[in-house]
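J.: Next up is a structure, given as C-alpha cells.
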Amino acid sequence: MSSVAIIGDIDTVSGFRLGGVKKAEVVNTPEEAIAAFDKFLDEELSIIIITQLMANEIREHINRKIGSDVLPMIIEIPDKDGSSGGSSDQINDLIKRVIGVEMVK
C-alpha cells in the first residue's frame with residue numbers, strides 16, 4: 001500500500017490529476033461514488049481522498065466498509081464550492097480508529 005486516489009467532481013479531480021494523482025474517479029451521483037470507493041478499496045490504497053459532499057452522501061457505506069481499519073486513510077476535502085460543514089471531525093475519527101480512544105474536547 002503506497003498509493004493515493006481521489007473521488008469527486010470534475011474540477012477537484014482535475015486539480016489532483018494535475019498534481020500527479022493518477023488514480024482518480026469523477027463522480028456525480030452517490031451510486032457512482034460507491035462504485036469508485038469500492039474499486040479503490042479493492043486496489044488496497046493507502047489514502048482515498050473524497051470530497052465532503054460525496055462523503056456525506058455515502059457516509060454509511062464508508063463506515064460499513066472501513067469499520068475500525070486504519071488503512072486506507074479516508075481524507076475528506078472541500079469541493080469547488082467550499083466546505084459542507086456537515087462532515088464529522090476527521091482527526092477525532094482517525095484517532096479513535098487508530099488507538100481506540102475517543103478524544104474529548
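Residues in the C-alpha cells are named by chain (A, B, ... in the order shown) and by number from 1 within that chain; ligands are numbered from 1 in the order shown.
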Please extract the residues of stretch 47-77 of chain A with a backbone DSSP assignment of helix (DSSP H, G or I) and present them as a compact mmCIF listing (two decimals) with N, CA and C atoms, in the first residue's frame.

T.:
```txt
# COMPACT_ATOMS: atom_id res chain seq x y z
N GLN A 52 -16.12 16.27 0.51
CA GLN A 52 -17.04 16.20 1.65
C GLN A 52 -18.46 15.96 1.20
N LEU A 53 -18.87 16.60 0.12
CA LEU A 53 -20.23 16.45 -0.37
C LEU A 53 -20.53 14.98 -0.69
N MET A 54 -19.65 14.33 -1.41
CA MET A 54 -19.86 12.92 -1.76
C MET A 54 -19.71 12.02 -0.53
N ALA A 55 -18.75 12.33 0.33
CA ALA A 55 -18.57 11.52 1.54
C ALA A 55 -19.83 11.57 2.40
N ASN A 56 -20.44 12.73 2.50
CA ASN A 56 -21.67 12.85 3.29
C ASN A 56 -22.80 12.04 2.66
N GLU A 57 -22.82 11.96 1.34
CA GLU A 57 -23.86 11.20 0.64
C GLU A 57 -23.72 9.70 0.85
N ARG A 59 -21.86 8.24 3.51
CA ARG A 59 -21.26 8.06 4.83
C ARG A 59 -21.49 6.65 5.41
N GLU A 60 -22.70 6.16 5.35
CA GLU A 60 -22.99 4.83 5.91
C GLU A 60 -22.20 3.75 5.19
N HIS A 61 -22.08 3.86 3.88
CA HIS A 61 -21.32 2.88 3.10
C HIS A 61 -19.84 2.92 3.49
N ILE A 62 -19.29 4.11 3.62
CA ILE A 62 -17.88 4.25 4.02
C ILE A 62 -17.67 3.61 5.38
N ASN A 63 -18.50 3.95 6.34
CA ASN A 63 -18.35 3.41 7.70
C ASN A 63 -18.49 1.89 7.72
N ARG A 64 -19.41 1.37 6.95
CA ARG A 64 -19.61 -0.08 6.91
C ARG A 64 -18.40 -0.79 6.29
N LYS A 65 -17.83 -0.21 5.23
CA LYS A 65 -16.71 -0.84 4.54
C LYS A 65 -15.39 -0.70 5.30
N ILE A 66 -15.17 0.43 5.93
CA ILE A 66 -13.91 0.70 6.62
C ILE A 66 -13.91 0.10 8.02
```

J.: Counting only C-alpha atoms, what is within 6 Å of A:Ile49, bar same-chain residues fewer than 3 positions away, as JSON, numbers by chain?

T.: {"A": [6, 74, 75, 76]}

J.: Output as a ChimeraX atom specification all residues of stretch 19-70 of chain A that backbone DSSP marks as strand (DSSP E or B).

T.: /A:23-26,47-51

J.: Grab the residues selected above and save them as a short mmCIF file (atom, residue, chain, number, x, y, z; two decimals), in the first residue's frame with N, CA and C atoms.

T.:
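As written to disk, out-v7.cif reads:
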```
data_model
loop_
_atom_site.label_atom_id
_atom_site.label_comp_id
_atom_site.auth_asym_id
_atom_site.auth_seq_id
_atom_site.Cartn_x
_atom_site.Cartn_y
_atom_site.Cartn_z
N LYS A 23 -4.69 7.83 -9.87
CA LYS A 23 -5.93 7.08 -9.63
C LYS A 23 -7.01 8.08 -9.24
N ALA A 24 -7.95 8.29 -10.14
CA ALA A 24 -8.96 9.32 -9.93
C ALA A 24 -10.27 8.91 -10.59
N GLU A 25 -11.36 9.24 -9.93
CA GLU A 25 -12.70 8.97 -10.46
C GLU A 25 -13.57 10.20 -10.31
N VAL A 26 -14.13 10.66 -11.42
CA VAL A 26 -15.10 11.75 -11.40
C VAL A 26 -16.46 11.12 -11.15
N ILE A 47 -4.33 5.90 0.82
CA ILE A 47 -5.16 7.08 1.07
C ILE A 47 -6.22 7.19 -0.02
N ILE A 48 -7.46 7.40 0.41
CA ILE A 48 -8.53 7.73 -0.52
C ILE A 48 -9.04 9.11 -0.13
N ILE A 49 -8.91 10.04 -1.05
CA ILE A 49 -9.39 11.41 -0.84
C ILE A 49 -10.76 11.50 -1.50
N ILE A 50 -11.71 12.06 -0.78
CA ILE A 50 -13.07 12.20 -1.32
C ILE A 50 -13.62 13.56 -0.92
N THR A 51 -14.39 14.17 -1.79
CA THR A 51 -14.96 15.46 -1.45
C THR A 51 -16.00 15.28 -0.35
#
```

J.: What does the distance between atom CA of A:Ala36 and atom CA of A:Gly67 come to in Å, to one decimal place?

T.: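 Taking atom CA of A:Ala36 and atom CA of A:Gly67, their separation equals 17.9 Å.
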
J.: For the atom pair atom CA of A:Val27 and atom CA of A:Ser68, what is the interatomic distance in Å to one decimal place?

T.: 25.7 Å
